[in-house]
$ cat input38.pdb   # PDB, C-alpha atoms, pLDDT in the B column
MODEL        1
ATOM      1  CA  MET A   1       0.097 -37.283  13.412  1.00 41.00           C
ATOM      2  CA  GLY A   2      -1.579 -34.776  15.685  1.00 45.00           C
ATOM      3  CA  ARG A   3      -4.952 -35.280  17.281  1.00 50.00           C
ATOM      4  CA  TYR A   4      -8.069 -34.272  15.394  1.00 44.00           C
ATOM      5  CA  TYR A   5     -11.104 -32.930  17.259  1.00 47.00           C
ATOM      6  CA  TYR A   6     -14.473 -33.075  15.494  1.00 48.00           C
ATOM      7  CA  ASN A   7     -12.856 -33.446  12.061  1.00 49.00           C
ATOM      8  CA  ARG A   8     -10.374 -30.625  12.581  1.00 58.00           C
ATOM      9  CA  LYS A   9      -6.712 -30.394  13.486  1.00 69.00           C
ATOM     10  CA  ALA A  10      -5.676 -29.894  17.086  1.00 71.00           C
ATOM     11  CA  ALA A  11      -4.635 -26.332  17.896  1.00 67.00           C
ATOM     12  CA  VAL A  12      -1.537 -25.021  19.618  1.00 68.00           C
ATOM     13  CA  GLU A  13      -3.771 -23.391  22.238  1.00 67.00           C
ATOM     14  CA  GLU A  14      -5.149 -26.830  23.275  1.00 68.00           C
ATOM     15  CA  SER A  15      -1.744 -28.371  24.021  1.00 74.00           C
ATOM     16  CA  CYS A  16       0.864 -28.059  26.778  1.00 78.00           C
ATOM     17  CA  GLY A  17       3.468 -25.722  25.328  1.00 84.00           C
ATOM     18  CA  LEU A  18       6.866 -24.716  26.686  1.00 88.00           C
ATOM     19  CA  SER A  19       8.665 -21.716  25.198  1.00 90.00           C
ATOM     20  CA  ILE A  20      12.260 -20.553  25.450  1.00 93.00           C
ATOM     21  CA  TYR A  21      10.856 -17.170  26.491  1.00 92.00           C
ATOM     22  CA  ARG A  22       9.384 -18.771  29.632  1.00 90.00           C
ATOM     23  CA  LEU A  23      12.658 -20.487  30.484  1.00 90.00           C
ATOM     24  CA  LYS A  24      14.479 -17.168  30.160  1.00 90.00           C
ATOM     25  CA  LYS A  25      11.811 -15.314  32.161  1.00 90.00           C
ATOM     26  CA  TRP A  26      12.104 -17.857  34.985  1.00 88.00           C
ATOM     27  CA  GLY A  27      15.930 -17.535  34.996  1.00 88.00           C
ATOM     28  CA  LEU A  28      16.518 -21.134  33.910  1.00 88.00           C
ATOM     29  CA  LEU A  29      18.955 -20.336  31.085  1.00 88.00           C
ATOM     30  CA  ALA A  30      21.767 -19.321  33.439  1.00 87.00           C
ATOM     31  CA  GLY A  31      23.953 -22.263  34.474  1.00 85.00           C
ATOM     32  CA  GLN A  32      22.409 -25.415  35.913  1.00 89.00           C
ATOM     33  CA  GLN A  33      18.800 -24.968  37.060  1.00 87.00           C
ATOM     34  CA  SER A  34      15.849 -27.250  37.872  1.00 88.00           C
ATOM     35  CA  THR A  35      12.116 -26.664  38.320  1.00 88.00           C
ATOM     36  CA  THR A  36       8.686 -28.254  38.007  1.00 87.00           C
ATOM     37  CA  ILE A  37       5.969 -26.902  35.686  1.00 85.00           C
ATOM     38  CA  THR A  38       2.239 -27.627  36.037  1.00 84.00           C
ATOM     39  CA  TRP A  39      -0.377 -27.168  33.284  1.00 75.00           C
ATOM     40  CA  THR A  40      -4.144 -27.391  33.813  1.00 73.00           C
ATOM     41  CA  ARG A  41      -6.234 -28.304  30.771  1.00 65.00           C
ATOM     42  CA  SER A  42      -9.165 -25.932  30.398  1.00 61.00           C
ATOM     43  CA  MET A  43     -11.576 -28.530  28.963  1.00 59.00           C
ATOM     44  CA  THR A  44     -10.940 -31.451  31.329  1.00 64.00           C
ATOM     45  CA  GLY A  45      -9.357 -29.780  34.354  1.00 66.00           C
ATOM     46  CA  LYS A  46      -6.607 -32.428  34.381  1.00 69.00           C
ATOM     47  CA  GLN A  47      -3.119 -31.360  35.385  1.00 73.00           C
ATOM     48  CA  ALA A  48       0.172 -32.180  33.688  1.00 76.00           C
ATOM     49  CA  VAL A  49       3.341 -31.948  35.791  1.00 83.00           C
ATOM     50  CA  VAL A  50       6.759 -31.884  34.105  1.00 87.00           C
ATOM     51  CA  GLY A  51      10.167 -31.774  35.781  1.00 89.00           C
ATOM     52  CA  LEU A  52      12.807 -29.692  33.986  1.00 90.00           C
ATOM     53  CA  SER A  53      16.576 -29.542  34.352  1.00 90.00           C
ATOM     54  CA  VAL A  54      18.484 -27.005  32.252  1.00 91.00           C
ATOM     55  CA  ASP A  55      22.249 -27.014  31.739  1.00 90.00           C
ATOM     56  CA  THR A  56      23.886 -24.175  29.790  1.00 88.00           C
ATOM     57  CA  THR A  57      27.373 -24.540  31.304  1.00 88.00           C
ATOM     58  CA  THR A  58      28.757 -27.145  28.852  1.00 86.00           C
ATOM     59  CA  ASP A  59      29.175 -27.189  25.080  1.00 86.00           C
ATOM     60  CA  ASP A  60      26.268 -29.657  24.812  1.00 89.00           C
ATOM     61  CA  GLN A  61      23.549 -27.421  26.274  1.00 91.00           C
ATOM     62  CA  TYR A  62      20.225 -29.138  26.930  1.00 92.00           C
ATOM     63  CA  VAL A  63      16.874 -29.227  28.692  1.00 93.00           C
ATOM     64  CA  ARG A  64      16.021 -32.511  30.411  1.00 93.00           C
ATOM     65  CA  PHE A  65      12.346 -33.497  30.627  1.00 91.00           C
ATOM     66  CA  VAL A  66      11.083 -35.935  33.290  1.00 91.00           C
ATOM     67  CA  TYR A  67       7.363 -36.808  33.453  1.00 88.00           C
ATOM     68  CA  THR A  68       4.764 -39.570  33.230  1.00 86.00           C
ATOM     69  CA  PHE A  69       2.447 -39.569  30.199  1.00 79.00           C
ATOM     70  CA  THR A  70      -0.991 -41.216  30.442  1.00 76.00           C
ATOM     71  CA  GLU A  71      -2.450 -42.602  27.198  1.00 73.00           C
ATOM     72  CA  ARG A  72      -6.170 -42.489  26.376  1.00 72.00           C
ATOM     73  CA  ASP A  73      -6.546 -46.154  27.372  1.00 76.00           C
ATOM     74  CA  GLY A  74      -5.016 -45.434  30.811  1.00 76.00           C
ATOM     75  CA  ASP A  75      -1.536 -46.879  30.164  1.00 81.00           C
ATOM     76  CA  LYS A  76       1.189 -44.802  31.809  1.00 83.00           C
ATOM     77  CA  THR A  77       4.667 -44.307  30.351  1.00 85.00           C
ATOM     78  CA  ASP A  78       7.612 -42.662  32.125  1.00 88.00           C
ATOM     79  CA  TYR A  79       9.715 -40.271  30.018  1.00 89.00           C
ATOM     80  CA  ASP A  80      13.219 -39.036  30.773  1.00 91.00           C
ATOM     81  CA  TYR A  81      15.081 -37.454  27.848  1.00 91.00           C
ATOM     82  CA  GLU A  82      17.117 -34.429  26.835  1.00 93.00           C
ATOM     83  CA  VAL A  83      16.371 -31.807  24.177  1.00 93.00           C
ATOM     84  CA  SER A  84      19.371 -29.925  22.803  1.00 93.00           C
ATOM     85  CA  LEU A  85      19.580 -26.157  23.044  1.00 94.00           C
ATOM     86  CA  VAL A  86      21.132 -24.207  20.177  1.00 93.00           C
ATOM     87  CA  THR A  87      22.151 -20.559  20.160  1.00 92.00           C
ATOM     88  CA  THR A  88      22.310 -17.754  17.633  1.00 92.00           C
ATOM     89  CA  PRO A  89      24.330 -14.577  18.171  1.00 91.00           C
ATOM     90  CA  CYS A  90      22.593 -11.295  18.940  1.00 88.00           C
ATOM     91  CA  TYR A  91      23.704  -7.880  17.688  1.00 86.00           C
ATOM     92  CA  PHE A  92      25.131  -6.680  21.003  1.00 84.00           C
ATOM     93  CA  GLY A  93      27.217  -9.704  21.946  1.00 82.00           C
ATOM     94  CA  SER A  94      24.730 -11.942  23.746  1.00 86.00           C
ATOM     95  CA  VAL A  95      23.112 -15.136  22.393  1.00 90.00           C
ATOM     96  CA  ARG A  96      19.529 -16.214  21.777  1.00 92.00           C
ATOM     97  CA  TYR A  97      18.500 -19.747  22.801  1.00 93.00           C
ATOM     98  CA  TRP A  98      16.342 -22.154  20.776  1.00 94.00           C
ATOM     99  CA  PHE A  99      15.123 -25.723  21.180  1.00 94.00           C
ATOM    100  CA  ALA A 100      16.275 -28.313  18.633  1.00 94.00           C
ATOM    101  CA  CYS A 101      13.173 -30.447  18.032  1.00 93.00           C
ATOM    102  CA  PRO A 102      13.962 -34.060  19.082  1.00 90.00           C
ATOM    103  CA  MET A 103      12.274 -35.464  15.965  1.00 90.00           C
ATOM    104  CA  CYS A 104      13.184 -33.142  13.067  1.00 91.00           C
ATOM    105  CA  SER A 105      16.050 -31.096  14.652  1.00 91.00           C
ATOM    106  CA  ARG A 106      14.323 -27.886  13.529  1.00 92.00           C
ATOM    107  CA  ARG A 107      15.316 -24.788  15.516  1.00 94.00           C
ATOM    108  CA  VAL A 108      12.138 -23.649  17.305  1.00 94.00           C
ATOM    109  CA  GLY A 109      11.135 -21.344  20.121  1.00 92.00           C
ATOM    110  CA  CYS A 110       8.374 -23.557  21.527  1.00 92.00           C
ATOM    111  CA  LEU A 111       7.751 -27.289  22.048  1.00 92.00           C
ATOM    112  CA  TYR A 112       4.343 -28.930  22.579  1.00 87.00           C
ATOM    113  CA  LEU A 113       3.277 -32.113  24.368  1.00 83.00           C
ATOM    114  CA  MET A 114       0.586 -34.011  22.467  1.00 77.00           C
ATOM    115  CA  SER A 115      -0.330 -37.609  21.594  1.00 69.00           C
ATOM    116  CA  ALA A 116       3.222 -38.611  20.594  1.00 69.00           C
ATOM    117  CA  GLY A 117       4.252 -38.490  24.264  1.00 79.00           C
ATOM    118  CA  TYR A 118       7.308 -36.294  23.602  1.00 86.00           C
ATOM    119  CA  PHE A 119       7.727 -32.526  23.542  1.00 89.00           C
ATOM    120  CA  LEU A 120       7.985 -31.808  19.801  1.00 89.00           C
ATOM    121  CA  CYS A 121       7.674 -28.783  17.540  1.00 89.00           C
ATOM    122  CA  ARG A 122       4.362 -27.626  16.066  1.00 87.00           C
ATOM    123  CA  HIS A 123       5.130 -29.204  12.696  1.00 86.00           C
ATOM    124  CA  CYS A 124       5.946 -32.669  14.082  1.00 86.00           C
ATOM    125  CA  ASN A 125       2.796 -32.578  16.251  1.00 82.00           C
ATOM    126  CA  ASP A 126       0.781 -31.451  13.187  1.00 79.00           C
ATOM    127  CA  LEU A 127      -0.752 -28.540  15.118  1.00 81.00           C
ATOM    128  CA  THR A 128      -2.476 -25.467  13.759  1.00 74.00           C
ATOM    129  CA  TYR A 129      -3.579 -22.166  15.319  1.00 69.00           C
ATOM    130  CA  GLN A 130      -7.187 -21.498  16.342  1.00 63.00           C
ATOM    131  CA  SER A 131      -7.209 -18.332  14.234  1.00 62.00           C
ATOM    132  CA  ARG A 132      -6.538 -20.452  11.117  1.00 59.00           C
ATOM    133  CA  SER A 133      -9.575 -22.617  11.846  1.00 57.00           C
ATOM    134  CA  ARG A 134     -12.053 -19.736  11.934  1.00 56.00           C
ATOM    135  CA  SER A 135     -14.524 -19.365   9.097  1.00 54.00           C
ATOM    136  CA  GLY A 136     -14.849 -16.075   7.219  1.00 54.00           C
ATOM    137  CA  THR A 137     -17.978 -15.102   9.126  1.00 56.00           C
ATOM    138  CA  ALA A 138     -16.330 -15.836  12.498  1.00 59.00           C
ATOM    139  CA  LEU A 139     -13.298 -13.779  11.439  1.00 62.00           C
ATOM    140  CA  PHE A 140     -15.636 -10.922  10.470  1.00 64.00           C
ATOM    141  CA  GLY A 141     -17.176 -10.919  13.960  1.00 64.00           C
ATOM    142  CA  HIS A 142     -13.757 -11.137  15.628  1.00 66.00           C
ATOM    143  CA  THR A 143     -12.337  -8.309  13.478  1.00 72.00           C
ATOM    144  CA  SER A 144     -15.402  -6.133  14.118  1.00 75.00           C
ATOM    145  CA  ARG A 145     -14.894  -6.538  17.869  1.00 79.00           C
ATOM    146  CA  GLN A 146     -11.206  -5.619  17.459  1.00 79.00           C
ATOM    147  CA  VAL A 147     -12.188  -2.471  15.519  1.00 80.00           C
ATOM    148  CA  ASP A 148     -14.663  -1.398  18.214  1.00 81.00           C
ATOM    149  CA  LYS A 149     -12.156  -2.019  21.005  1.00 84.00           C
ATOM    150  CA  LEU A 150      -9.335  -0.159  19.247  1.00 82.00           C
ATOM    151  CA  ARG A 151     -11.593   2.778  18.360  1.00 83.00           C
ATOM    152  CA  SER A 152     -12.538   3.175  22.049  1.00 86.00           C
ATOM    153  CA  GLU A 153      -8.834   3.163  23.063  1.00 86.00           C
ATOM    154  CA  ILE A 154      -7.767   5.972  20.711  1.00 83.00           C
ATOM    155  CA  LYS A 155      -7.272   9.246  22.567  1.00 84.00           C
ATOM    156  CA  ARG A 156      -5.243  11.135  19.962  1.00 84.00           C
ATOM    157  CA  TRP A 157      -5.930  10.693  16.244  1.00 85.00           C
ATOM    158  CA  THR A 158      -2.962  12.653  14.864  1.00 85.00           C
ATOM    159  CA  TRP A 159       0.499  13.615  16.007  1.00 84.00           C
ATOM    160  CA  ARG A 160       2.299  16.413  14.196  1.00 86.00           C
ATOM    161  CA  GLY A 161      -0.140  16.219  11.314  1.00 85.00           C
ATOM    162  CA  ARG A 162       0.180  12.455  10.821  1.00 87.00           C
ATOM    163  CA  PRO A 163      -2.092   9.617  11.989  1.00 86.00           C
ATOM    164  CA  THR A 164      -0.894   7.846  15.124  1.00 86.00           C
ATOM    165  CA  ARG A 165       0.134   4.184  15.152  1.00 87.00           C
ATOM    166  CA  LYS A 166      -3.226   3.122  16.644  1.00 86.00           C
ATOM    167  CA  VAL A 167      -5.110   5.035  13.961  1.00 87.00           C
ATOM    168  CA  ARG A 168      -3.068   3.345  11.214  1.00 88.00           C
ATOM    169  CA  ARG A 169      -3.792  -0.052  12.810  1.00 83.00           C
ATOM    170  CA  LEU A 170      -7.498   0.863  13.012  1.00 83.00           C
ATOM    171  CA  CYS A 171      -7.536   1.728   9.287  1.00 84.00           C
ATOM    172  CA  ALA A 172      -5.932  -1.627   8.431  1.00 84.00           C
ATOM    173  CA  LEU A 173      -8.471  -3.488  10.603  1.00 80.00           C
ATOM    174  CA  GLU A 174     -11.364  -1.575   9.011  1.00 80.00           C
ATOM    175  CA  ARG A 175     -10.118  -2.564   5.538  1.00 80.00           C
ATOM    176  CA  LYS A 176      -9.903  -6.194   6.683  1.00 77.00           C
ATOM    177  CA  ALA A 177     -13.395  -6.001   8.201  1.00 77.00           C
ATOM    178  CA  GLY A 178     -14.703  -4.586   4.914  1.00 75.00           C
ATOM    179  CA  VAL A 179     -13.256  -7.491   2.912  1.00 73.00           C
ATOM    180  CA  LEU A 180     -14.593 -10.033   5.413  1.00 71.00           C
ATOM    181  CA  GLY A 181     -17.980  -8.265   5.421  1.00 71.00           C
ATOM    182  CA  GLU A 182     -18.181  -8.613   1.619  1.00 74.00           C
ATOM    183  CA  TYR A 183     -17.294 -12.312   1.936  1.00 70.00           C
ATOM    184  CA  THR A 184     -19.988 -12.777   4.600  1.00 71.00           C
ATOM    185  CA  MET A 185     -22.601 -11.045   2.419  1.00 74.00           C
ATOM    186  CA  ARG A 186     -21.718 -13.312  -0.537  1.00 76.00           C
ATOM    187  CA  GLN A 187     -22.102 -16.368   1.701  1.00 73.00           C
ATOM    188  CA  ILE A 188     -25.509 -15.136   2.915  1.00 73.00           C
ATOM    189  CA  GLU A 189     -26.640 -14.499  -0.688  1.00 77.00           C
ATOM    190  CA  LYS A 190     -25.574 -18.035  -1.680  1.00 77.00           C
ATOM    191  CA  LEU A 191     -27.468 -19.466   1.284  1.00 76.00           C
ATOM    192  CA  GLU A 192     -30.597 -17.445   0.440  1.00 77.00           C
ATOM    193  CA  ALA A 193     -30.386 -18.657  -3.185  1.00 80.00           C
ATOM    194  CA  ARG A 194     -30.231 -22.288  -2.019  1.00 78.00           C
ATOM    195  CA  ILE A 195     -33.195 -21.785   0.322  1.00 79.00           C
ATOM    196  CA  SER A 196     -35.283 -20.112  -2.401  1.00 78.00           C
ATOM    197  CA  LYS A 197     -34.737 -23.113  -4.745  1.00 75.00           C
ATOM    198  CA  HIS A 198     -36.426 -25.424  -2.225  1.00 66.00           C
TER     199      HIS A 198
ENDMDL
END

$ encode --input "input38.pdb" --output "structure tokens"
Amino acid sequence: MGRYYYNRKAAVEESCGLSIYRLKKWGLLAGQQSTTITWTRSMTGKQAVVGLSVDTTTDDQYVRFVYTFTERDGDKTDYDYEVSLVTTPCYFGSVRYWFACPMCSRRVGCLYLMSAGYFLCRHCNDLTYQSRSRSGTALFGHTSRQVDKLRSEIKRWTWRGRPTRKVRRLCALERKAGVLGEYTMRQIEKLEARISKH
């Protein structure tokens, strides 16, 4: 089970995540490579240091994780294990790499370090996204800010008689803001009705 903070699920954004995209960007998916990655938690300021070794030269391709995990009670545990890499073919002859989750073997693009002590997929860590945890009124405020920002970025509204991509995105966001605004107004009316009863 994932951690719960103040009666809510832990979010992906609060965990140490490692994506295949980062490994590729750092050039670690070519042959045998090693590196060390450091994360700093925004809330506590604590750092997590993980040693990585990647081997894509054999049939059994893997990423090896080496680190020490500290529990809440202060107990430290050393971890040294391998996570398999799987590939899928791309259209133009290359391959795309994925992690195989050590617990469920699901093909995923990102692994997260949480209370289990191992790098596992989002589903095994029982993580959610912060955007899923927002209430309707918070989403309304967020969407309204997105609308204002996008409107200020638009320089050209049409191209060859048709709305530009940014204008189409703005229209979709305005529709979403309208729906969320109606929801917010209904919530306010319900709250006012409760207050008037007392």

$ resolve_selection --input "input38.pdb" --expression "the PyMOL selection byres ((chain A and resi 20-28) around 9)" --output "ChimeraX atom specification"
/A:18-19,29-35,53-56,97-99,108-111

$ write_last_selection --input "input38.pdb" --atoms "C-alpha atoms" --output "PDB file, in the coordinates of the input"
ATOM      1  CA  LEU A  18       6.866 -24.716  26.686  1.00 88.00           C
ATOM      2  CA  SER A  19       8.665 -21.716  25.198  1.00 90.00           C
ATOM      3  CA  LEU A  29      18.955 -20.336  31.085  1.00 88.00           C
ATOM      4  CA  ALA A  30      21.767 -19.321  33.439  1.00 87.00           C
ATOM      5  CA  GLY A  31      23.953 -22.263  34.474  1.00 85.00           C
ATOM      6  CA  GLN A  32      22.409 -25.415  35.913  1.00 89.00           C
ATOM      7  CA  GLN A  33      18.800 -24.968  37.060  1.00 87.00           C
ATOM      8  CA  SER A  34      15.849 -27.250  37.872  1.00 88.00           C
ATOM      9  CA  THR A  35      12.116 -26.664  38.320  1.00 88.00           C
ATOM     10  CA  SER A  53      16.576 -29.542  34.352  1.00 90.00           C
ATOM     11  CA  VAL A  54      18.484 -27.005  32.252  1.00 91.00           C
ATOM     12  CA  ASP A  55      22.249 -27.014  31.739  1.00 90.00           C
ATOM     13  CA  THR A  56      23.886 -24.175  29.790  1.00 88.00           C
ATOM     14  CA  TYR A  97      18.500 -19.747  22.801  1.00 93.00           C
ATOM     15  CA  TRP A  98      16.342 -22.154  20.776  1.00 94.00           C
ATOM     16  CA  PHE A  99      15.123 -25.723  21.180  1.00 94.00           C
ATOM     17  CA  VAL A 108      12.138 -23.649  17.305  1.00 94.00           C
ATOM     18  CA  GLY A 109      11.135 -21.344  20.121  1.00 92.00           C
ATOM     19  CA  CYS A 110       8.374 -23.557  21.527  1.00 92.00           C
ATOM     20  CA  LEU A 111       7.751 -27.289  22.048  1.00 92.00           C
TER      21      LEU A 111
END

$ atom_distance --input "input38.pdb" --atom1 "CA of Val147 (chain A)" --atom2 "CA of Lys176 (chain A)"
9.9 Å

$ atom_distance --input "input38.pdb" --atom1 "CA of Ser15 (chain A)" --atom2 "CA of Val49 (chain A)"
13.3 Å

$ atom_distance --input "input38.pdb" --atom1 "CA of Arg106 (chain A)" --atom2 "CA of Tyr118 (chain A)"
14.9 Å

$ residues_around --input "input38.pdb" --residues "region 67-75 of chain A" --least-positions-apart "3" --cutoff "10 Å" --atoms "all atoms listed in the file" --output "JSON, numbers by chain"
{"A": [36, 48, 49, 50, 51, 52, 78, 79, 80, 81, 113, 114, 115, 116, 117, 118]}

$ residues_near_point --input "input38.pdb" --point "(15.9, -31.2, 23.0)" --cutoff "6 Å" --atoms "all atoms listed in the file" --output "list in words"
Glu82, Val83, Ser84, Phe99, Ala100, Cys101 and Pro102 of chain A

$ residues_around --input "input38.pdb" --residues "Arg151 (chain A)" --least-positions-apart "3" --cutoff "12 Å" --atoms "all atoms listed in the file" --output "compact mmCIF listing (two decimals) with C-alpha atoms, in the coordinates of the input"
# COMPACT_ATOMS: atom_id res chain seq x y z
CA SER A 144 -15.40 -6.13 14.12
CA ARG A 145 -14.89 -6.54 17.87
CA GLN A 146 -11.21 -5.62 17.46
CA VAL A 147 -12.19 -2.47 15.52
CA ASP A 148 -14.66 -1.40 18.21
CA ILE A 154 -7.77 5.97 20.71
CA LYS A 155 -7.27 9.25 22.57
CA ARG A 156 -5.24 11.14 19.96
CA TRP A 157 -5.93 10.69 16.24
CA LYS A 166 -3.23 3.12 16.64
CA VAL A 167 -5.11 5.04 13.96
CA ARG A 168 -3.07 3.34 11.21
CA ARG A 169 -3.79 -0.05 12.81
CA LEU A 170 -7.50 0.86 13.01
CA CYS A 171 -7.54 1.73 9.29
CA LEU A 173 -8.47 -3.49 10.60
CA GLU A 174 -11.36 -1.58 9.01
